[in-house]
Amino acid sequence: MQYRQVGNTGISVSVLGHGTMRYKSRENAAEMIAHGLRLGLTYFDIGSAYSFKAFDDNAETWVGEALRGVPRESVVLSAKAQPRHGETKLDRGLGIDTRDDMWRCIENSLKRVGVEYFDFYQFWDMSADDHFDAACVGDDSPLVAMREAKEQGLVRHLGFTSHAQADQIIRWLEAVPDFRFITVYYNFMDTAPEAAINFAYEHNIGVAIMGPLRGGLLVGESEVFAQALPEFAGLPVQEIALRFLLSTPAISTVLSGMNEIAHMDQNAAVASLENPMTPEQRQRFIEAFREFSKGEPLCTGCRYCAGVCPQGLPVAHMMPLYQLAEVFKVASANAHIKSMAGHQRLDPAKCVACGLCVDKCPQKLPIPERMQRLAELSAELQEAAVE
Ligand code: SF4
Ligand code: SF4
C-alpha cells in the first residue's frame, strides 16, 4: 500500500481509502475492516447516516466495533454531518444549521465510534450556496461548533465533501481557511472539479476522491484504452481509472465503498503500485480522449445543464452514458441505455432540440444530436435483446 500526506495537516493516509457507505451488514463491515487493515488501509470515511437503523446500529457503530483494540493513531478517521436549513434529523447528522446541533453530531459520532477524537470532520455534501450558508454563516453556525471542537482537540482538521461547481468550492476554501481537506467527485470522465483540486493542491489542502468508477460504470473492457496506452492492453477499465487517479499528485486518497473482499484485493493491488501511471502516460491518456471523440468536446459532469430541460430529461446523467458507449466503448453503459427508449423520464426521443441545455453547457456539446443517437442506440439494443 502506498501512503500520502493530506495537504499540510501532517497526517498520512493510505492512497486507497475505505468508504463505509455500502456495507451489507455489521458482519460484512467487520470482515471488510479487518481485511482492509491487513492490506494496510488506514483512511476510513464514515458517516452517521450510512446504513442507519438506530442510534447504536449503523455504519458508525459497526466501524467502531471493528476498530476496537486497534491503536487509535494507526488509523485516520473522517466523520461528517450534513449542513442544511430545514428538517433536522440529529441522530443521522442531517439538516444541521446551528452550533448546538453540530455539537450534538460531533458528540454522537465520537460516542458511536468509541474514540476520543476525529482526524477530520467534514460538512457532508456542501454542494450549493445555501448549504454553505447553513454551515458557515453567522454566530450560531455549525462552523462555530467545529472550530470549538478543534480547539478542544476533538477534531483535528475541518473539511467538506461536495458536488458543487469548481468555482464555488474555491470560493468556500478562500472564505474559510480552516478547511484543510475536501472530498470531491472526480474520475477521468467527470473532470469538472479539476480546477478546485488544483487550487487545493496549490494551497496545501488535502483531497479525497469519491466516485472513482462513476458509481460502477467505469468497469469491464474497452479496446479504445489499449489504443491510447498499448502497454495497458488487457487491463480492465476500473484499473485504468484507478491508475489515472492515483497518478494525480494532488489527490491524497481515493475512496471506494468496498463490501467484497475480492474487490478490495483488486483495488489494494493497484494502490500498492509505486508508479501506477507515469506523467507521460497520463498525458497520452488525456490527449487520446480527443481522438476518441473525433475532436468533439466531452461532457465533464459539471451539471450546469441540471434542471433546464423543458422535457424533464436529466441531460447531465444522459450525456456521460452516451460518452461511455460511443466514445469510450465501455459496455457497462449499454444496460442503462437499453432501458431508455419508452422510459417515462429518460427517453431521449423526448428531446425537442430546443437548445436550452446547449446554452448552459460550457462545452457546447451537440446535445440534441447525442440525444438522437442515444434514442437509436436504445432501440438497437432493445431489438438485439428480442432477437
Ligand atoms: S435540447 Fe433536448 S435535451 Fe436539451 S433542453 Fe432541449 S429538449 Fe431538453
Ligand atoms: S452536458 Fe454540458 S452542462 Fe451538462 S454536465 Fe455535461 S458538460 Fe456540463
# chains A, B, ... in the order shown; residues from 1 in each chain; ligands from 1
>>> closest_atom_pairs(of="chain A", to="ligand 2", cutoff="8 Å", atoms="only C-alpha atoms and all ligand atoms", output="tab-separated table")
residue	atom	partner	partner_atom_place_in_ligand_line	distance
A:Ala192	CA	ligand 2	8 (Fe)	7.8
A:Leu298	CA	ligand 2	7 (S)	6.7
A:Cys299	CA	ligand 2	7 (S)	3.8
A:Thr300	CA	ligand 2	7 (S)	4.6
A:Gly301	CA	ligand 2	5 (S)	3.9
A:Cys302	CA	ligand 2	8 (Fe)	3.9
A:Arg303	CA	ligand 2	5 (S)	3.8
A:Tyr304	CA	ligand 2	3 (S)	4.2
A:Cys305	CA	ligand 2	3 (S)	4.2
A:Ala306	CA	ligand 2	4 (Fe)	6.6
A:Val315	CA	ligand 2	1 (S)	5.9
A:Ala316	CA	ligand 2	5 (S)	4.1
A:His317	CA	ligand 2	5 (S)	7.5
A:Met319	CA	ligand 2	1 (S)	5.7
A:Pro320	CA	ligand 2	6 (Fe)	7.2
A:Cys357	CA	ligand 2	3 (S)	6.9
A:Val358	CA	ligand 2	2 (Fe)	7.0
A:Lys360	CA	ligand 2	3 (S)	5.8
A:Cys361	CA	ligand 2	3 (S)	3.6
A:Pro362	CA	ligand 2	3 (S)	5.9
A:Gln363	CA	ligand 2	7 (S)	5.5
A:Lys364	CA	ligand 2	2 (Fe)	6.6
A:Leu365	CA	ligand 2	2 (Fe)	6.0
A:Ile367	CA	ligand 2	1 (S)	6.9
>>> write_last_selection(atoms="C-alpha atoms", output="JSON list (two decimals), in the first residue's frame")
[["chain", "number", "residue", "atom", "x", "y", "z"],
["A", 192, "ALA", "CA", -15.27, 19.41, -13.84],
["A", 298, "LEU", "CA", -16.75, 15.82, -23.95],
["A", 299, "CYS", "CA", -19.16, 16.16, -21.05],
["A", 300, "THR", "CA", -17.23, 16.97, -17.88],
["A", 301, "GLY", "CA", -20.09, 16.25, -15.46],
["A", 302, "CYS", "CA", -20.25, 19.92, -14.43],
["A", 303, "ARG", "CA", -24.10, 19.82, -14.13],
["A", 304, "TYR", "CA", -24.61, 23.36, -15.40],
["A", 305, "CYS", "CA", -27.41, 21.89, -17.51],
["A", 306, "ALA", "CA", -29.23, 20.40, -14.49],
["A", 315, "VAL", "CA", -29.07, 15.76, -19.51],
["A", 316, "ALA", "CA", -26.13, 15.62, -17.06],
["A", 317, "HIS", "CA", -26.95, 11.95, -16.43],
["A", 319, "MET", "CA", -24.54, 12.65, -21.78],
["A", 320, "PRO", "CA", -21.96, 10.63, -19.81],
["A", 357, "CYS", "CA", -29.27, 22.81, -22.38],
["A", 358, "VAL", "CA", -26.67, 23.68, -25.03],
["A", 360, "LYS", "CA", -25.98, 26.32, -20.43],
["A", 361, "CYS", "CA", -23.26, 23.87, -21.41],
["A", 362, "PRO", "CA", -19.73, 25.33, -21.16],
["A", 363, "GLN", "CA", -18.53, 22.64, -23.60],
["A", 364, "LYS", "CA", -21.31, 23.49, -26.10],
["A", 365, "LEU", "CA", -21.92, 19.80, -26.63],
["A", 367, "ILE", "CA", -26.73, 17.56, -27.05]]
>>> residues_around(residues="segment 171-188 of chain A", least_positions_apart="3", cutoff="7 Å", atoms="only C-alpha atoms", output="NGL selection string")
:A and (157-163 or 167-168 or 191 or 193 or 205-213 or 241 or 245)
>>> residues_near_ligand(ligand="ligand 1", cutoff="6 Å", atoms="only C-alpha atoms and all ligand atoms", output="number ranges by chain")
A: 308-311, 313, 315, 351-357, 368
>>> residues_around(residues="Phe55 of chain A", least_positions_apart="5", cutoff="9 Å", atoms="only C-alpha atoms", output="PyMOL selection string")
chain A and resi 48+61+91-92+108+112
>>> residues_around(residues="segment 23-32 of chain A", least_positions_apart="6", cutoff="8 Å", atoms="only C-alpha atoms", output="PDB file with N, CA and C atoms, in the first residue's frame")
ATOM      1  N   SER A  51     -26.134   3.308   6.432  1.00  0.00           N
ATOM      2  CA  SER A  51     -26.736   2.067   6.958  1.00  0.00           C
ATOM      3  C   SER A  51     -27.447   2.314   8.288  1.00  0.00           C
ATOM      4  N   ALA A  59     -23.510   2.329  10.355  1.00  0.00           N
ATOM      5  CA  ALA A  59     -22.124   2.112   9.897  1.00  0.00           C
ATOM      6  C   ALA A  59     -21.102   2.698  10.877  1.00  0.00           C
ATOM      7  N   TRP A  62     -20.707   0.187  13.613  1.00  0.00           N
ATOM      8  CA  TRP A  62     -20.041  -1.014  13.088  1.00  0.00           C
ATOM      9  C   TRP A  62     -18.548  -0.764  12.944  1.00  0.00           C
ATOM     10  N   VAL A  63     -18.197   0.428  12.424  1.00  0.00           N
ATOM     11  CA  VAL A  63     -16.778   0.759  12.279  1.00  0.00           C
ATOM     12  C   VAL A  63     -16.120   0.785  13.656  1.00  0.00           C
ATOM     13  N   GLU A  65     -16.961  -0.795  16.374  1.00  0.00           N
ATOM     14  CA  GLU A  65     -16.789  -2.157  16.913  1.00  0.00           C
ATOM     15  C   GLU A  65     -15.618  -2.860  16.230  1.00  0.00           C
ATOM     16  N   ALA A  66     -15.523  -2.676  14.912  1.00  0.00           N
ATOM     17  CA  ALA A  66     -14.468  -3.367  14.157  1.00  0.00           C
ATOM     18  C   ALA A  66     -13.082  -2.829  14.501  1.00  0.00           C
ATOM     19  N   GLY A 257     -16.199   2.421  -1.838  1.00  0.00           N
ATOM     20  CA  GLY A 257     -17.152   1.836  -0.890  1.00  0.00           C
ATOM     21  C   GLY A 257     -17.169   0.323  -1.049  1.00  0.00           C
ATOM     22  N   MET A 258     -16.160  -0.326  -0.491  1.00  0.00           N
ATOM     23  CA  MET A 258     -15.960  -1.755  -0.767  1.00  0.00           C
ATOM     24  C   MET A 258     -16.733  -2.631   0.218  1.00  0.00           C
ATOM     25  N   ASN A 259     -17.443  -3.620  -0.341  1.00  0.00           N
ATOM     26  CA  ASN A 259     -18.112  -4.587   0.531  1.00  0.00           C
ATOM     27  C   ASN A 259     -17.857  -6.030   0.079  1.00  0.00           C
ATOM     28  N   GLU A 260     -16.854  -6.204  -0.799  1.00  0.00           N
ATOM     29  CA  GLU A 260     -16.451  -7.540  -1.261  1.00  0.00           C
ATOM     30  C   GLU A 260     -14.935  -7.652  -1.095  1.00  0.00           C
ATOM     31  N   ILE A 261     -14.497  -8.775  -0.550  1.00  0.00           N
ATOM     32  CA  ILE A 261     -13.057  -8.981  -0.336  1.00  0.00           C
ATOM     33  C   ILE A 261     -12.286  -8.922  -1.658  1.00  0.00           C
TER      34      ILE A 261
END
>>> closest_residue(among="A:His18, A:His203, A:Arg370, A:Arg4", to="Ile33 of chain A", atoms="only C-alpha atoms")
A:His18
>>> atom_distance(atom1="atom CA of Arg147 of chain A", atom2="atom CA of Ile169 of chain A")
19.5 Å
